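Trainee: Handing over model.tsv, TSV, C-alpha atoms and all ligand atoms.
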```tsv
chain	number	residue	atom	x	y	z
A	289	MET	CA	112.01	98.19	90.50
A	290	LYS	CA	112.39	95.33	92.93
A	291	VAL	CA	113.54	95.89	96.51
A	292	THR	CA	116.28	93.31	95.93
A	293	GLU	CA	117.51	95.24	92.86
A	294	HIS	CA	117.70	98.43	94.92
A	295	ILE	CA	119.80	96.55	97.46
A	296	THR	CA	122.07	94.95	94.86
A	297	ASN	CA	122.65	98.29	93.11
A	298	ALA	CA	123.50	100.16	96.33
A	299	ASP	CA	127.03	100.64	97.63
A	300	LYS	CA	125.87	101.78	101.07
A	301	THR	CA	123.06	101.28	103.58
A	302	LEU	CA	119.74	102.55	102.21
A	303	PHE	CA	116.96	104.40	104.05
A	304	SER	CA	113.37	103.19	103.88
A	305	LEU	CA	110.19	103.57	105.85
A	306	GLU	CA	106.85	102.01	106.64
A	307	ILE	CA	103.74	104.14	106.78
A	308	ILE	CA	100.24	103.30	107.94
A	309	PRO	CA	97.21	104.46	105.95
A	310	PRO	CA	95.55	107.48	107.56
A	311	LYS	CA	92.31	106.98	109.48
A	312	LYS	CA	89.16	107.01	107.38
A	313	GLY	CA	88.28	110.54	106.30
A	314	ASP	CA	91.81	111.96	106.34
A	315	SER	CA	93.44	113.22	103.15
A	316	ILE	CA	96.38	111.94	101.12
A	317	LYS	CA	97.86	115.45	101.39
A	318	ASN	CA	98.37	114.97	105.13
A	319	LEU	CA	100.10	111.68	104.42
A	320	PHE	CA	102.37	113.31	101.85
A	321	ALA	CA	103.16	116.06	104.37
A	322	GLN	CA	104.43	113.29	106.66
A	323	ILE	CA	106.53	111.68	103.92
A	324	ASP	CA	107.84	114.89	102.23
A	325	PRO	CA	110.51	115.77	104.83
A	326	LEU	CA	111.93	112.23	104.57
A	327	MET	CA	112.37	112.34	100.81
A	328	GLU	CA	115.77	114.03	101.18
A	329	PHE	CA	117.07	110.63	102.38
A	330	LYS	CA	116.04	109.12	99.02
A	331	PRO	CA	114.06	106.08	100.15
A	332	PRO	CA	114.07	103.65	97.22
A	333	PHE	CA	110.85	102.13	98.56
A	334	ILE	CA	108.09	102.84	101.06
A	335	ASP	CA	106.01	100.12	102.70
A	336	VAL	CA	102.31	100.64	103.31
A	337	THR	CA	100.66	98.49	105.97
A	338	TYR	CA	97.37	96.67	105.45
A	339	HIS	CA	94.63	96.73	108.08
A	340	ARG	CA	92.18	93.90	107.97
A	341	GLU	CA	88.52	94.39	107.31
A	342	GLU	CA	86.42	93.61	110.41
A	343	TYR	CA	82.65	93.68	110.50
A	344	VAL	CA	79.95	94.14	113.09
A	345	TYR	CA	76.32	93.27	112.53
A	346	LYS	CA	73.70	95.72	113.79
A	347	GLU	CA	70.01	94.97	113.91
A	348	ARG	CA	67.92	97.56	112.05
A	349	GLU	CA	64.39	98.61	113.16
A	350	ASN	CA	62.89	96.31	110.48
A	351	GLY	CA	64.71	93.37	112.06
A	352	LEU	CA	67.18	92.96	109.21
A	353	LEU	CA	70.86	92.78	110.00
A	354	GLU	CA	73.11	95.53	108.74
A	355	LYS	CA	76.72	94.63	108.00
A	356	ARG	CA	79.06	97.48	108.98
A	357	SER	CA	82.81	97.59	108.43
A	358	ILE	CA	84.73	98.90	111.41
A	359	LYS	CA	87.90	99.20	109.40
A	360	LYS	CA	89.56	102.45	110.35
A	361	ARG	CA	92.44	102.50	107.94
A	362	PRO	CA	91.42	101.47	104.44
A	363	GLY	CA	93.27	102.49	101.30
A	364	THR	CA	96.53	100.52	101.19
A	365	VAL	CA	96.37	99.89	97.45
A	366	GLY	CA	95.27	103.44	96.61
A	367	ILE	CA	98.05	104.89	98.75
A	368	CYS	CA	100.63	102.68	97.04
A	369	ALA	CA	99.48	103.89	93.62
A	370	ALA	CA	99.48	107.51	94.85
A	371	ILE	CA	103.03	107.16	96.23
A	372	GLN	CA	104.32	105.67	92.99
A	373	ASN	CA	102.68	108.48	90.96
A	374	HIS	CA	103.58	111.34	93.26
A	375	TYR	CA	107.17	110.46	94.22
A	376	GLN	CA	108.13	108.07	91.40
A	377	ILE	CA	109.45	105.58	93.95
A	378	ASP	CA	108.44	102.02	94.68
A	379	ALA	CA	105.59	101.36	97.08
A	380	VAL	CA	105.45	98.02	98.85
A	381	PRO	CA	101.92	97.06	99.88
A	382	HIS	CA	101.59	94.62	102.75
A	383	ILE	CA	99.27	91.77	101.90
A	384	ILE	CA	97.90	89.44	104.52
A	385	CYS	CA	96.28	86.01	104.66
A	386	GLY	CA	93.59	87.00	107.17
A	387	GLY	CA	90.21	87.87	105.67
A	388	PHE	CA	91.07	86.73	102.14
A	389	SER	CA	90.23	83.55	100.28
A	390	LYS	CA	92.94	82.52	97.83
A	391	GLU	CA	90.82	83.78	94.98
A	392	GLU	CA	90.41	87.20	96.62
A	393	THR	CA	94.16	87.26	97.13
A	394	GLU	CA	94.70	86.46	93.48
A	395	ASN	CA	92.36	89.27	92.46
A	396	ALA	CA	94.12	91.72	94.77
A	397	LEU	CA	97.47	90.73	93.26
A	398	ILE	CA	96.09	91.27	89.76
A	399	ASP	CA	95.14	94.83	90.82
A	400	LEU	CA	98.64	95.44	92.13
A	401	ASN	CA	100.15	94.09	88.93
A	402	PHE	CA	98.01	96.41	86.80
A	403	LEU	CA	99.12	99.34	88.96
A	404	GLY	CA	102.78	98.62	88.20
A	405	ILE	CA	103.62	97.56	91.74
A	406	ASP	CA	106.70	95.31	91.72
A	407	ASN	CA	106.99	94.39	95.40
A	408	VAL	CA	104.79	92.95	98.13
A	409	LEU	CA	105.41	92.10	101.79
A	410	ALA	CA	103.58	88.81	102.42
A	411	LEU	CA	102.23	88.38	105.96
A	412	ARG	CA	99.81	86.22	107.83
A	413	GLY	CA	98.19	89.01	109.86
A	414	ASP	CA	96.85	88.68	113.39
A	415	ASN	CA	93.51	87.59	114.78
A	416	ILE	CA	90.70	90.13	114.71
A	417	LYS	CA	89.18	91.38	117.97
A	418	SER	CA	86.36	88.86	117.93
A	419	GLU	CA	88.76	85.89	117.62
A	420	ARG	CA	90.97	84.38	120.31
A	421	GLU	CA	93.44	83.14	117.75
A	422	PHE	CA	94.14	83.65	114.07
A	423	ASN	CA	91.67	81.84	111.83
A	424	PRO	CA	92.17	81.77	108.07
A	425	GLU	CA	89.24	82.28	105.73
A	426	PRO	CA	87.68	79.15	104.26
A	427	ASP	CA	89.96	78.47	101.28
A	428	GLY	CA	92.32	81.18	102.50
A	429	ASN	CA	96.03	81.00	103.24
A	430	ALA	CA	96.77	79.91	106.80
A	431	TYR	CA	100.41	81.00	107.00
A	432	ALA	CA	102.56	83.58	105.28
A	433	SER	CA	104.42	80.65	103.68
A	434	ASP	CA	101.18	79.62	101.90
A	435	LEU	CA	100.76	83.17	100.66
A	436	VAL	CA	104.36	83.24	99.41
A	437	GLU	CA	103.68	79.97	97.60
A	438	GLN	CA	100.62	81.45	95.93
A	439	ILE	CA	102.46	84.59	94.79
A	440	SER	CA	105.41	82.52	93.55
A	441	ALA	CA	102.98	80.38	91.52
A	442	MET	CA	101.51	83.54	89.95
A	443	ASN	CA	105.06	84.65	89.16
A	444	LYS	CA	105.27	81.44	87.09
A	445	GLY	CA	101.95	82.14	85.38
A	446	GLU	CA	100.09	79.59	87.53
A	447	TYR	CA	96.74	81.07	88.54
A	448	LEU	CA	94.07	79.26	90.57
A	449	ASP	CA	91.99	78.47	87.52
A	450	ASP	CA	93.61	75.34	86.05
A	451	GLU	CA	91.94	75.94	82.74
A	452	LEU	CA	93.49	79.34	82.24
A	453	GLN	CA	95.74	79.09	79.20
A	454	ASN	CA	98.83	81.23	78.55
A	455	ALA	CA	98.31	83.38	81.63
A	456	ILE	CA	100.87	86.17	81.85
A	457	PRO	CA	103.12	85.62	84.87
A	458	SER	CA	103.34	88.35	87.48
A	459	ASN	CA	106.80	89.39	88.58
A	460	PHE	CA	106.52	90.36	92.23
A	461	CYS	CA	109.53	90.59	94.48
A	462	ILE	CA	108.30	89.00	97.72
A	463	GLY	CA	109.40	90.13	101.16
A	464	VAL	CA	108.43	88.47	104.46
A	465	ALA	CA	108.59	89.26	108.18
A	466	GLY	CA	111.23	87.94	110.58
A	467	TYR	CA	111.40	88.17	114.36
A	468	PRO	CA	114.79	88.70	116.07
A	469	GLU	CA	113.06	88.05	119.42
A	470	LYS	CA	110.89	85.19	118.03
A	471	HIS	CA	107.29	85.38	116.91
A	472	PHE	CA	105.12	85.24	120.02
A	473	GLU	CA	103.25	82.09	118.97
A	474	ALA	CA	106.35	80.04	118.15
A	475	PRO	CA	107.34	77.66	120.96
A	476	ASN	CA	111.03	78.37	120.38
A	477	MET	CA	113.40	80.18	118.05
A	478	ASN	CA	114.40	77.10	116.05
A	479	PHE	CA	110.75	76.43	115.23
A	480	ASP	CA	110.28	80.03	114.07
A	481	LEU	CA	113.47	79.96	111.99
A	482	LYS	CA	112.43	76.69	110.37
A	483	TRP	CA	109.26	78.32	109.04
A	484	LEU	CA	111.11	81.47	108.09
A	485	LYS	CA	113.41	79.33	105.99
A	486	LYS	CA	110.36	77.71	104.41
A	487	LYS	CA	109.10	81.17	103.34
A	488	VAL	CA	112.45	81.79	101.65
A	489	GLU	CA	112.49	78.36	99.98
A	490	LEU	CA	109.02	79.07	98.61
A	491	GLY	CA	110.13	82.35	97.03
A	492	ALA	CA	110.66	85.14	99.56
A	493	GLU	CA	113.60	87.24	98.43
A	494	TYR	CA	114.19	89.40	101.50
A	495	ILE	CA	113.19	89.65	105.15
A	496	VAL	CA	112.14	92.72	107.15
A	497	THR	CA	112.46	92.38	110.89
A	498	GLN	CA	110.06	93.28	113.62
A	499	MET	CA	111.29	96.34	115.53
A	500	PHE	CA	114.01	95.71	118.10
A	501	PHE	CA	115.83	97.99	120.54
A	502	ASP	CA	118.88	95.86	121.24
A	503	ASN	CA	121.08	95.36	118.19
A	504	LYS	CA	122.49	92.18	119.68
A	505	ALA	CA	119.12	90.51	118.96
A	506	TYR	CA	119.33	91.50	115.28
A	507	PHE	CA	122.95	90.40	114.81
A	508	LYS	CA	122.26	87.05	116.49
A	509	PHE	CA	119.15	86.60	114.36
A	510	VAL	CA	121.17	87.25	111.18
A	511	ASP	CA	123.86	84.77	112.32
A	512	ASP	CA	121.24	82.13	113.16
A	513	CYS	CA	119.55	82.62	109.78
A	514	ARG	CA	122.85	82.31	107.92
A	515	ALA	CA	123.72	79.18	109.93
A	516	ILE	CA	120.61	77.39	108.63
A	517	GLY	CA	121.04	78.56	105.05
A	518	ILE	CA	118.78	81.63	104.92
A	519	ASN	CA	120.88	83.82	102.66
A	520	VAL	CA	118.53	86.61	101.55
A	521	PRO	CA	118.96	90.23	102.74
A	522	ILE	CA	117.66	90.82	106.28
A	523	ILE	CA	116.47	94.40	106.71
A	524	PRO	CA	116.42	95.70	110.29
A	525	GLY	CA	113.26	97.54	111.40
A	526	ILE	CA	113.76	100.51	113.73
A	527	LYS	CA	111.23	102.49	115.75
A	528	PRO	CA	112.28	105.44	117.89
A	529	VAL	CA	110.52	105.49	121.26
A	530	ALA	CA	108.71	108.79	121.65
A	531	VAL	CA	106.33	108.73	124.62
A	532	LYS	CA	106.30	107.15	128.07
A	533	ARG	CA	103.38	104.93	127.11
A	534	HIS	CA	105.69	103.12	124.66
A	535	LEU	CA	107.11	101.35	127.71
A	536	THR	CA	104.00	99.19	127.81
A	537	ILE	CA	102.39	99.65	124.39
A	538	LEU	CA	105.31	98.46	122.28
A	539	PRO	CA	105.93	95.22	124.22
A	540	ASN	CA	102.16	94.55	124.39
A	541	ILE	CA	101.34	95.13	120.75
A	542	PHE	CA	104.53	93.97	119.07
A	543	LYS	CA	105.61	91.34	121.62
A	544	ILE	CA	109.12	92.69	121.90
A	545	ASP	CA	111.42	93.48	124.82
A	546	LEU	CA	112.81	96.84	125.77
A	547	PRO	CA	116.35	96.49	127.17
A	548	ASP	CA	116.64	97.25	130.91
A	549	GLU	CA	118.83	100.27	130.26
A	550	LEU	CA	116.31	101.83	127.86
A	551	GLU	CA	113.43	101.07	130.20
A	552	GLN	CA	115.27	102.73	133.11
A	553	GLU	CA	116.17	105.79	131.04
A	554	ILE	CA	112.55	106.20	129.87
A	555	THR	CA	111.32	105.90	133.45
A	556	LYS	CA	113.70	108.68	134.53
A	557	CYS	CA	112.42	111.09	131.81
A	558	LYS	CA	110.36	113.91	133.29
A	559	ASP	CA	108.06	114.27	130.26
A	560	ASN	CA	107.40	113.02	126.74
A	561	ALA	CA	109.66	115.67	125.21
A	562	ALA	CA	112.53	114.08	127.13
A	563	VAL	CA	111.46	110.58	126.01
A	564	LYS	CA	111.49	111.75	122.42
A	565	GLU	CA	115.07	113.07	122.75
A	566	LEU	CA	116.10	109.80	124.38
A	567	GLY	CA	114.44	107.83	121.56
A	568	ILE	CA	116.33	109.85	118.95
A	569	GLU	CA	119.66	109.32	120.73
A	570	TRP	CA	118.96	105.60	121.16
A	571	GLY	CA	117.96	105.32	117.49
A	572	ILE	CA	121.14	107.11	116.36
A	573	GLN	CA	123.25	104.67	118.37
A	574	GLN	CA	121.39	101.67	116.96
A	575	CYS	CA	121.71	102.96	113.39
A	576	ARG	CA	125.40	103.83	113.77
A	577	GLU	CA	126.21	100.21	114.56
A	578	LEU	CA	123.85	98.83	111.91
A	579	VAL	CA	125.37	101.08	109.23
A	580	ASP	CA	128.94	100.30	110.38
A	581	LYS	CA	128.24	96.58	110.16
A	582	GLY	CA	126.75	96.91	106.68
A	583	ALA	CA	122.96	96.51	107.13
A	584	PRO	CA	121.51	96.61	103.60
A	585	VAL	CA	118.70	99.02	104.49
A	586	ILE	CA	117.42	100.61	107.68
A	587	HIS	CA	113.66	100.45	107.66
A	588	PHE	CA	111.92	102.95	109.93
A	589	TYR	CA	108.49	102.33	111.40
A	590	SER	CA	106.93	105.78	111.18
A	591	MET	CA	103.56	105.02	112.84
A	592	GLY	CA	102.30	108.40	111.68
A	593	LYS	CA	105.27	110.49	112.84
A	594	SER	CA	108.30	111.59	110.86
A	595	ASP	CA	110.22	114.22	112.85
A	596	ALA	CA	112.21	111.84	115.11
A	597	ILE	CA	113.03	109.66	112.10
A	598	HIS	CA	114.25	112.78	110.28
A	599	ARG	CA	116.58	113.67	113.16
A	600	ILE	CA	118.03	110.14	113.17
A	601	ALA	CA	118.27	109.72	109.41
A	602	LYS	CA	120.06	113.02	108.83
A	603	GLU	CA	123.05	111.59	110.67
A	604	PHE	CA	123.48	108.80	108.11
A	605	PHE	CA	121.67	109.28	104.80
B	701	LIG	P1	103.90	83.50	109.66
B	701	LIG	O1	105.20	83.54	108.95
B	701	LIG	O2	102.79	82.71	109.02
B	701	LIG	O3	104.17	82.93	111.12
B	701	LIG	C1	103.14	82.96	112.12
B	701	LIG	C2	103.47	81.94	113.21
B	701	LIG	O4	103.24	80.62	112.73
B	701	LIG	C3	104.92	81.96	113.68
B	701	LIG	O5	104.91	81.64	115.05
B	701	LIG	C4	105.59	80.84	112.88
B	701	LIG	O6	106.68	80.27	113.57
B	701	LIG	C5	104.45	79.84	112.73
B	701	LIG	N1	104.42	79.16	111.43
B	701	LIG	C6	104.71	79.67	110.22
B	701	LIG	N2	104.45	78.78	109.25
B	701	LIG	C7	103.97	77.67	109.87
B	701	LIG	C8	103.48	76.41	109.41
B	701	LIG	N3	103.42	76.13	108.09
B	701	LIG	N4	103.05	75.51	110.33
B	701	LIG	C9	103.08	75.82	111.67
B	701	LIG	N5	103.53	77.00	112.16
B	701	LIG	C10	103.96	77.91	111.27
B	701	LIG	N6	100.09	92.72	110.24
B	701	LIG	C11	99.07	93.24	109.54
B	701	LIG	O7	97.91	92.88	109.78
B	701	LIG	N7	99.27	94.19	108.56
B	701	LIG	C12	100.51	94.62	108.24
B	701	LIG	O8	100.67	95.48	107.37
B	701	LIG	C13	101.63	94.07	108.95
B	701	LIG	N8	102.90	94.45	108.65
B	701	LIG	C14	103.95	93.85	109.28
B	701	LIG	C15	105.27	94.18	108.90
B	701	LIG	C16	106.35	93.59	109.52
B	701	LIG	C17	107.75	93.93	109.08
B	701	LIG	C18	106.15	92.68	110.60
B	701	LIG	C19	107.32	92.07	111.32
B	701	LIG	C20	104.85	92.35	110.98
B	701	LIG	C21	103.74	92.91	110.34
B	701	LIG	N9	102.43	92.58	110.67
B	701	LIG	C22	101.37	93.11	109.97
B	701	LIG	C23	102.16	91.67	111.79
B	701	LIG	C24	102.08	90.20	111.37
B	701	LIG	O9	100.93	90.00	110.56
B	701	LIG	C25	102.00	89.35	112.65
B	701	LIG	O10	103.23	89.42	113.33
B	701	LIG	C26	101.51	87.93	112.50
B	701	LIG	O11	101.24	87.42	113.80
B	701	LIG	C27	102.52	86.97	111.88
B	701	LIG	O12	102.72	87.24	110.57
B	701	LIG	P2	103.87	86.43	109.75
B	701	LIG	O13	103.73	86.84	108.35
B	701	LIG	O14	105.17	86.58	110.40
B	701	LIG	O15	103.32	84.92	109.94
```
Using the file provided, produce a representation of the structure as structure tokens.
Mentor:
Amino acid sequence: MKVTEHITNADKTLFSLEIIPPKKGDSIKNLFAQIDPLMEFKPPFIDVTYHREEYVYKERENGLLEKRSIKKRPGTVGICAAIQNHYQIDAVPHIICGGFSKEETENALIDLNFLGIDNVLALRGDNIKSEREFNPEPDGNAYASDLVEQISAMNKGEYLDDELQNAIPSNFCIGVAGYPEKHFEAPNMNFDLKWLKKKVELGAEYIVTQMFFDNKAYFKFVDDCRAIGINVPIIPGIKPVAVKRHLTILPNIFKIDLPDELEQEITKCKDNAAVKELGIEWGIQQCRELVDKGAPVIHFYSMGKSDAIHRIAKEFF
């Protein structure tokens, strides 16, 4: 079922989560052990992130170059299929522009369609380590809006091969990312919102936000979106802080701000156990306001951990 149908059918805020594929060599059982405790909150869908393939070339003794993947978290599509089989709930694979030509994207979407996956989160992806800035593949999508356009075309039965006759349309529900504190590359918020609106005009049916720790940023973002005619559901993304290192890691990686008050409280914590308790309390306060004000879904970024999310979710779901 589509994410948007889950939202339309619900009479209260829903619980959902994002998981990351385990590191190469780990088992699906360990992943299920992470998800199992959260099933009591009846997530209608679970997102699975995609981690881009990156290669290094090593010279062998015979002088030939060996191409080695340094991808540490493969398996997005397999995990989505496993989740749908095991839990009978919808899995939402993230698909990215980076590393894919349009034809490779089309082929990946055909796989997802055959697996009975109804939803995708369409993203651009970031630059790989060897690049200073994001570079699309030759004949790849450069922006998430291009990817949305491609998926929307497939939903109309328009594949890349013009000569294909009577192609069966796919029927993906397309989600996209939104940034309450602005995407780091956008020169200003209006610019970012303009392109977000474009993604919606081209077929995105809902938005999931980057994590934020100050609800004011989310509510302003929703108001600003509505003011320019973005009327699709906007799902807030929540991540409980859990360790002191989050003070620097989260702003560095996700280009978000931690409010002064949260930063000061984390600094005062004597150890990570105290940070975790603070993160749970902060998360509960954030969720209370989001639920009270009618957020359609609260989407938790699990990043491999589920116990803090469980403590927060049991207050509401
Ligand atoms: P876009 O919407 O393409 O925007 C990128 C930048 O370009 C923005 O600054 C925007 O304002 C600007 N822009 C957009 N369109 C145009 C245009 N046509 N012309 C000029 N400028 C334009 N990354 C992964 O690799 N794997 C994941 O699984 C993943 N999951 C994510 C889930 C969520 C909910 C979020 C919020 C992010 C996720 N990311 C993931 C990270 C994401 O790939 C990065 O944030 C990336 O830098 C931007 O992706 P986007 O889809 O928002 O890009």
Trainee: Find the spatial neighbours of A:Tyr467, counting all atoms listed in the file, within a cut-off of 7 Å - ignore same-chain residues fewer than 2 positions away - and output them as a compact mmCIF listing (two decimals) with C-alpha atoms, in the frame of the given file.
Mentor:
```txt
# COMPACT_ATOMS: atom_id res chain seq x y z
CA ALA A 465 108.59 89.26 108.18
CA GLU A 469 113.06 88.05 119.42
CA LYS A 470 110.89 85.19 118.03
CA HIS A 471 107.29 85.38 116.91
CA THR A 497 112.46 92.38 110.89
CA GLN A 498 110.06 93.28 113.62
```
Trainee: So, with all atoms listed in the file as the atoms that count, which of A:Gly525, A:Pro584, A:Gly366, A:Pro310 lies closest to ligand LIG 701 (chain B)?
Mentor: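 Looking only at the distances to ligand LIG 701 (chain B), the closest residue turns out to be A:Gly525.
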Trainee: Have a look at atom CA of A:Val579 and atom CA of A:Thr301 and let me know their distance in Å, one decimal.
Mentor: 6.1 Å
Trainee: If we count only C-alpha atoms and set the cut-off at 7 Å, which residues sit around stretch 556-568 of chain A, ignoring sequence neighbours fewer than 5 positions away in its own chain? Please answer as a list in words.
Mentor: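 My list of contacting residues is Pro528, Val529, Ala530, Val531, Lys532, Ala596, Arg599 and Ile600 of chain A.
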Trainee: Taking C-alpha atoms for each residue, export the selection above as a tab-separated table (two decimals), in the frame of the given file.
Mentor:
```
chain	number	residue	atom	x	y	z
A	528	PRO	CA	112.28	105.44	117.89
A	529	VAL	CA	110.52	105.49	121.26
A	530	ALA	CA	108.71	108.79	121.65
A	531	VAL	CA	106.33	108.73	124.62
A	532	LYS	CA	106.30	107.15	128.07
A	596	ALA	CA	112.21	111.84	115.11
A	599	ARG	CA	116.58	113.67	113.16
A	600	ILE	CA	118.03	110.14	113.17
```
Trainee: So which residues are near ligand LIG 701 (chain B), meaning at most 6 Å away with all atoms listed in the file counted, given back as a PyMOL selection string?
Mentor: chain A and resi 337-339+382+411-414+431-433+465-466+471+473-474+479-480+483+496-498
Trainee: If you measure from atom CA of A:Met499 to atom CA of A:Lys527, what distance in Å do you get, rounded to one decimal?
Mentor: 6.2 Å
Trainee: Show me the residues around (89.6, 81.9, 99.1) - criterion: an atom at most 8 Å away, all atoms listed in the file counted - as a ChimeraX atom specification.
Mentor: /A:388-393,425-429
Trainee: Please determine the residues with any atom at most 10 Å from (123.5, 105.1, 100.6) (coordinates as given in the file, with only C-alpha atoms counting) and report them as an mmCIF file with C-alpha atoms, in the coordinates of the input.
Mentor:
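File produced: out-v2.cif:
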```
data_model
loop_
_atom_site.group_PDB
_atom_site.id
_atom_site.type_symbol
_atom_site.label_atom_id
_atom_site.label_comp_id
_atom_site.auth_asym_id
_atom_site.auth_seq_id
_atom_site.Cartn_x
_atom_site.Cartn_y
_atom_site.Cartn_z
ATOM 1 C CA ILE A 295 119.800 96.550 97.460
ATOM 2 C CA ALA A 298 123.500 100.160 96.330
ATOM 3 C CA ASP A 299 127.030 100.640 97.630
ATOM 4 C CA LYS A 300 125.870 101.780 101.070
ATOM 5 C CA THR A 301 123.060 101.280 103.580
ATOM 6 C CA LEU A 302 119.740 102.550 102.210
ATOM 7 C CA PHE A 303 116.960 104.400 104.050
ATOM 8 C CA PHE A 329 117.070 110.630 102.380
ATOM 9 C CA LYS A 330 116.040 109.120 99.020
ATOM 10 C CA PRO A 331 114.060 106.080 100.150
ATOM 11 C CA VAL A 579 125.370 101.080 109.230
ATOM 12 C CA PRO A 584 121.510 96.610 103.600
ATOM 13 C CA VAL A 585 118.700 99.020 104.490
ATOM 14 C CA PHE A 604 123.480 108.800 108.110
ATOM 15 C CA PHE A 605 121.670 109.280 104.800
#
```
Trainee: Taking all atoms listed in the file into account, which of A:Leu546, A:Ile316, A:Lys485, A:Leu578 comes nearest A:Cys368?
Mentor: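 Using all atoms listed in the file, A:Cys368 sits closest to A:Ile316.
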Trainee: Of the candidates A:Met442, A:Val344, A:Ile371, A:Leu353, which shows the shortest atom-to-atom distance to A:Ile323, using only C-alpha atoms?
Mentor: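 Closest candidate: A:Ile371.
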Trainee: Could N, CA and C atoms be built for stretch 353-365 of chain A and written out as a short mmCIF file (atom, residue, chain, number, x, y, z; two decimals), in the coordinates of the input?
Mentor:
```
data_model
loop_
_atom_site.label_atom_id
_atom_site.label_comp_id
_atom_site.auth_asym_id
_atom_site.auth_seq_id
_atom_site.Cartn_x
_atom_site.Cartn_y
_atom_site.Cartn_z
N LEU A 353 69.52 92.49 109.49
CA LEU A 353 70.86 92.78 110.00
C LEU A 353 71.62 93.67 109.02
N GLU A 354 72.31 94.64 109.57
CA GLU A 354 73.11 95.53 108.74
C GLU A 354 74.58 95.19 108.98
N LYS A 355 75.29 94.97 107.88
CA LYS A 355 76.72 94.63 108.00
C LYS A 355 77.54 95.91 107.91
N ARG A 356 78.27 96.24 108.97
CA ARG A 356 79.06 97.48 108.98
C ARG A 356 80.53 97.16 109.15
N SER A 357 81.36 97.77 108.28
CA SER A 357 82.81 97.59 108.43
C SER A 357 83.29 98.52 109.52
N ILE A 358 84.16 98.00 110.40
CA ILE A 358 84.73 98.90 111.41
C ILE A 358 86.20 99.15 111.08
N LYS A 359 86.52 98.95 109.81
CA LYS A 359 87.90 99.20 109.40
C LYS A 359 88.19 100.70 109.47
N LYS A 360 89.27 101.03 110.15
CA LYS A 360 89.56 102.45 110.35
C LYS A 360 90.62 102.97 109.40
N ARG A 361 91.35 102.05 108.79
CA ARG A 361 92.44 102.50 107.94
C ARG A 361 92.42 101.77 106.60
N PRO A 362 91.43 102.09 105.77
CA PRO A 362 91.42 101.47 104.44
C PRO A 362 92.41 102.19 103.53
N GLY A 363 92.57 101.70 102.30
CA GLY A 363 93.27 102.49 101.30
C GLY A 363 94.68 102.09 100.95
N THR A 364 95.13 100.91 101.44
CA THR A 364 96.53 100.52 101.19
C THR A 364 96.89 100.57 99.71
N VAL A 365 96.03 99.97 98.88
CA VAL A 365 96.37 99.89 97.45
C VAL A 365 96.37 101.28 96.82
#
```
